[in-house]
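A.B. asks: A single structure is presented below for examination.
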Amino acid sequence: MFSLKKRLRKSLFLQMLLLMLVVLLTLYIFMQKLVNEQLLTRLQHDADSLITLLEKKQGRWQVDPTHISTVYSRVRSGHYYRIKTPQQILRSRSLFDYPLTPQDLNVETAERSYQMVGLGGQNWLVWQQAIDKKGDRIEIWIAEDISPVDVLLLRFALIAVLLIVGLTLVFMLVQQKILDHSFRVFDRLREQLQSIRQGESSHAGMPVPQEILPLAQEIELLVQQMKQRITRTRNAIGNLAHEIKRPLQILSLFLDQGGDPQVPRQSLQEIRQIVERELRRAKISASPAVGGAFDATQEIPMLAKVLEKIYPDIEISLQLPQDLPAFNLDRDDMFELIGNLLDNACKFAHSRVRISVSGQQGRFLLTVEDDGDGVDSAQLERITEKGFRLDESRSGHGLGLGICADIVQGYGGRLSFSVSRWQGLKAEVEIGVRPL
C-alpha cells in the first residue's frame with residue numbers, strides 16, 4: 001500500500017528543487033556572461049587608450065608612461081598589456097619577467113577574446129586585436145585577472161543555493177499544510193460513510209472539491225443501491241418465508257393429528273413449486289459480473305434466450321438499436337428489473353412478447369408488452385402492490401412487479417402500465433442516467 005500524500009509531497013519537492021536548480025544555473029550563467037562582457041568592454045577601452053598613447057619616435061614605438069594607469073606598473077597587479085610591433089615588444093611592468101606566449105592573430109582575424117591561466121595561477125580575461133598604424137602592423141594584448149570576480153560569483157551561487165534550499169523548505173511546509181487541509185475531505189467523507197453504515201445518516205450529502213465529486217457521487221450511488229438491494233432481499237425473504245409457512249403448518253398438523261395422506265403430498269408439492277420458482281427467478285436475475293455499466297444490446301438477448309427455454313411456447317421479439325450506448329446503470333438491478341418484467345409478460349402471454357429499449361437525452365427507456373388477456377383499469381392501479389396476484393390460479397406470490405417498482409423508484413425513475421398493441425399488458429420504464 002502506498003501513500004498518495006507522500007507521493008505528492010515527494011513529487012512537489014523534486015519539481016521545486018529541479019526548478020530552483022534550473023533557475024540558479026541560468027542566473028549564474030547569465031551573471032557570469034554579463035560580468036565578462038563588462039570586463040571585456042573595459043579591456044577594449046584600455047586597448048584603445050594604449051593605441052592612442054602609442055607613438056613612434058626615431059623608428060621605435062613607445063608608450064608615454066605618464067598617461068598610463070599605475071595598475072600596469074605594479075607587479076602582479078592583475079592588469080597587464082603587451083604590444084608587439086615589427087621592431088620590438090612592449091610589456092607592462094606588472095608582467096615582470098613572466099614568459100608570456102599569447103596566441104597569434106592571423107591575417108583574417110583582427111581581434112579575439114579568451115581566458116587563460118596566467119601569473120601565479122590567476123585567471124586572465126584577454127582581449128587581443130591587431131591594427132595598422134603608420135604602415136606597421138601592431139598587435140595589442142591586454143588582460144585582467146578575473147579571479148576575484150569568479151570568487152564573488154561563487155559566493156553569489158552559494159548564497160543563492162542556501163536561499164533556494166530555504167525557500168524549498170518553506171514551500172514544502174506550505175504545501176504540507178495545503179495537502180493536509182485538502183485531504184481532510186477524505187476524512188469527512190469516511191466519517192459520512194461511517195455514519196451511513198451505522199444508520200445515523202441516509203446519504204453522504206456534503207460539500208466536496210470538484211475533482212473528487214464524481215468519486216463521491218459514485219460512492220453515494222453505491223451506498224443507495226446496496227441499501228435498496230438489502231431492503232429488497234429482506235422483503236423477498238420475508239415474503240418467501242411467509243408463503244412457505246402455510247404448507248409447513250399443514251405438514252405439522254398432519255404429523256400431530258394424522259389425516260388424509262394426500263395433504264402432505266400437496267404441501268410438499270407446493271413447497272417444491274415455490275423453491276423452483278425462486279431458483280428460476282435467481283437464474284433470470286443472474287448476471288456475469290457484479291455492478292458496472294449495462295449494455296442492453298449484449299445482455300438483453302442473453303436474458304431472452306433464458307426465458308425462451310423456460311417458456312418455449314412464447315415468441316420473444318427484440319427491438320434494440322445498433323447504436324444503443326451502454327447505460328450507467330447497475331447490471332444486477334437491470335437484470336432483475338427486465339427479468340421480472342419479461343417473466344411476468346411470458347407468464348400471461350398467449351404466444352408473443354415484445355421488448356424494446358432506447359436511449360434519448362440521458363434517459364433509459366424500456367418497454368415490455370404481451371398479447372395476453374390484459375388487465376382492467378382497477379387492477380392497473382394495484383399491479384405493483386406486493387402480494388397482489390393478477391391470476392390466483394398461476395404460481396407466484398406477487399413479488400415480481402413490486403420488486404420492479406422498488407428498483408425503478410431507487411433510480412428516481414417511473415414505472416407505468418397500460419394496454420399493449422395486442423390488448424395485453426404493456427409495461428414502460430423511464431430512468432434518467434448519467435453519461436459513462
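Here, A, B, ... name the chains of the C-alpha cells in the order displayed, residue numbers run from 1 inside each chain, and ligands are numbered from 1 in the same displayed order.
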Would you give me, as a tab-separated table, each residue of range 127-172 of chain A having an atom within 10 Å of an atom of range 54-69 of chain A, along with its shortest atom pair and that distance in Å to one decimal, using only C-alpha atoms and sorting by chain and residue number?
C.D. replies:
residue	atom	partner	partner_atom	distance
A:Lys133	CA	A:Leu54	CA	9.4
A:Lys134	CA	A:Lys56	CA	8.6
A:Ile138	CA	A:Trp61	CA	9.9
A.B. asks: List the neighbours of Asn123 in chain A out to 10 Å using only C-alpha atoms; skip same-chain residues closer than 5 positions along the sequence, and give me the result as a count of residues only.
C.D. replies: 13
A.B. asks: Near Arg363 in chain A, within 6 Å and counting only C-alpha atoms, which residues show up once chain neighbours fewer than 5 positions away are dropped, as a compact mmCIF listing (two decimals) with C-alpha atoms, in the first residue's frame?
C.D. replies:
# COMPACT_ATOMS: atom_id res chain seq x y z
CA ILE A 431 -34.90 6.19 -15.84
CA GLY A 432 -32.57 9.18 -16.00
CA VAL A 433 -28.91 8.14 -16.40
A.B. asks: Could you check how far CA of Gln44 in chain A sits from CA of Arg155 in chain A, in Å to one decimal?
C.D. replies: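 Distance between the two atoms: 27.4 Å.
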A.B. asks: What lies within 9 Å of range 97-111 of chain A using only C-alpha atoms, ignoring chain neighbours under 5 positions off, as a ChimeraX atom specification?
C.D. replies: /A:82,118-119,127-131,139,141
A.B. asks: Could you give me, as a PyMOL selection string, the residues within 12 Å of range 165-170 of chain A, counting only C-alpha atoms and dropping anything in the same chain fewer than 6 positions from it?
C.D. replies: chain A and resi 9+12-21+24+158-159+176-177
A.B. asks: Write out, as a tab-separated table (two decimals), in the first residue's frame, the residues just selected, with C-alpha atoms.
C.D. replies:
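New file out_20.tsv:
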chain	number	residue	atom	x	y	z
A	9	ARG	CA	4.98	15.61	-1.32
A	12	LEU	CA	6.42	18.55	-5.33
A	13	PHE	CA	9.81	18.55	-3.61
A	14	LEU	CA	11.62	17.17	-6.66
A	15	GLN	CA	9.84	19.55	-9.01
A	16	MET	CA	10.57	22.52	-6.78
A	17	LEU	CA	14.22	21.50	-6.38
A	18	LEU	CA	14.65	20.96	-10.11
A	19	LEU	CA	13.01	24.29	-10.89
A	20	MET	CA	15.21	26.13	-8.40
A	21	LEU	CA	18.38	24.47	-9.73
A	24	LEU	CA	20.10	29.08	-10.28
A	158	LEU	CA	26.37	29.66	-2.59
A	159	ILE	CA	24.04	32.30	-1.16
A	176	GLN	CA	2.21	20.17	3.50
A	177	LYS	CA	-0.39	22.42	5.13
A.B. asks: So which one's closest to Leu342 in chain A, A:Arg414, A:Arg184, A:Lys305, A:Arg190? Using only C-alpha atoms, please.
C.D. replies: A:Lys305
A.B. asks: Of the candidates A:Leu53, A:Ala326, A:Ile314, A:Val151, which shows the shortest atom-to-atom distance to Glu299 in chain A, using only C-alpha atoms?
C.D. replies: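 Going through A:Leu53, A:Ala326, A:Ile314, A:Val151 one by one, the smallest distance to Glu299 in chain A is for A:Ala326.
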A.B. asks: Provide the CA of Leu153 in chain A to CA of Leu27 in chain A distance in Å, to one decimal place.
C.D. replies: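 Calculated distance between CA of Leu153 in chain A and CA of Leu27 in chain A is 10.5 Å.
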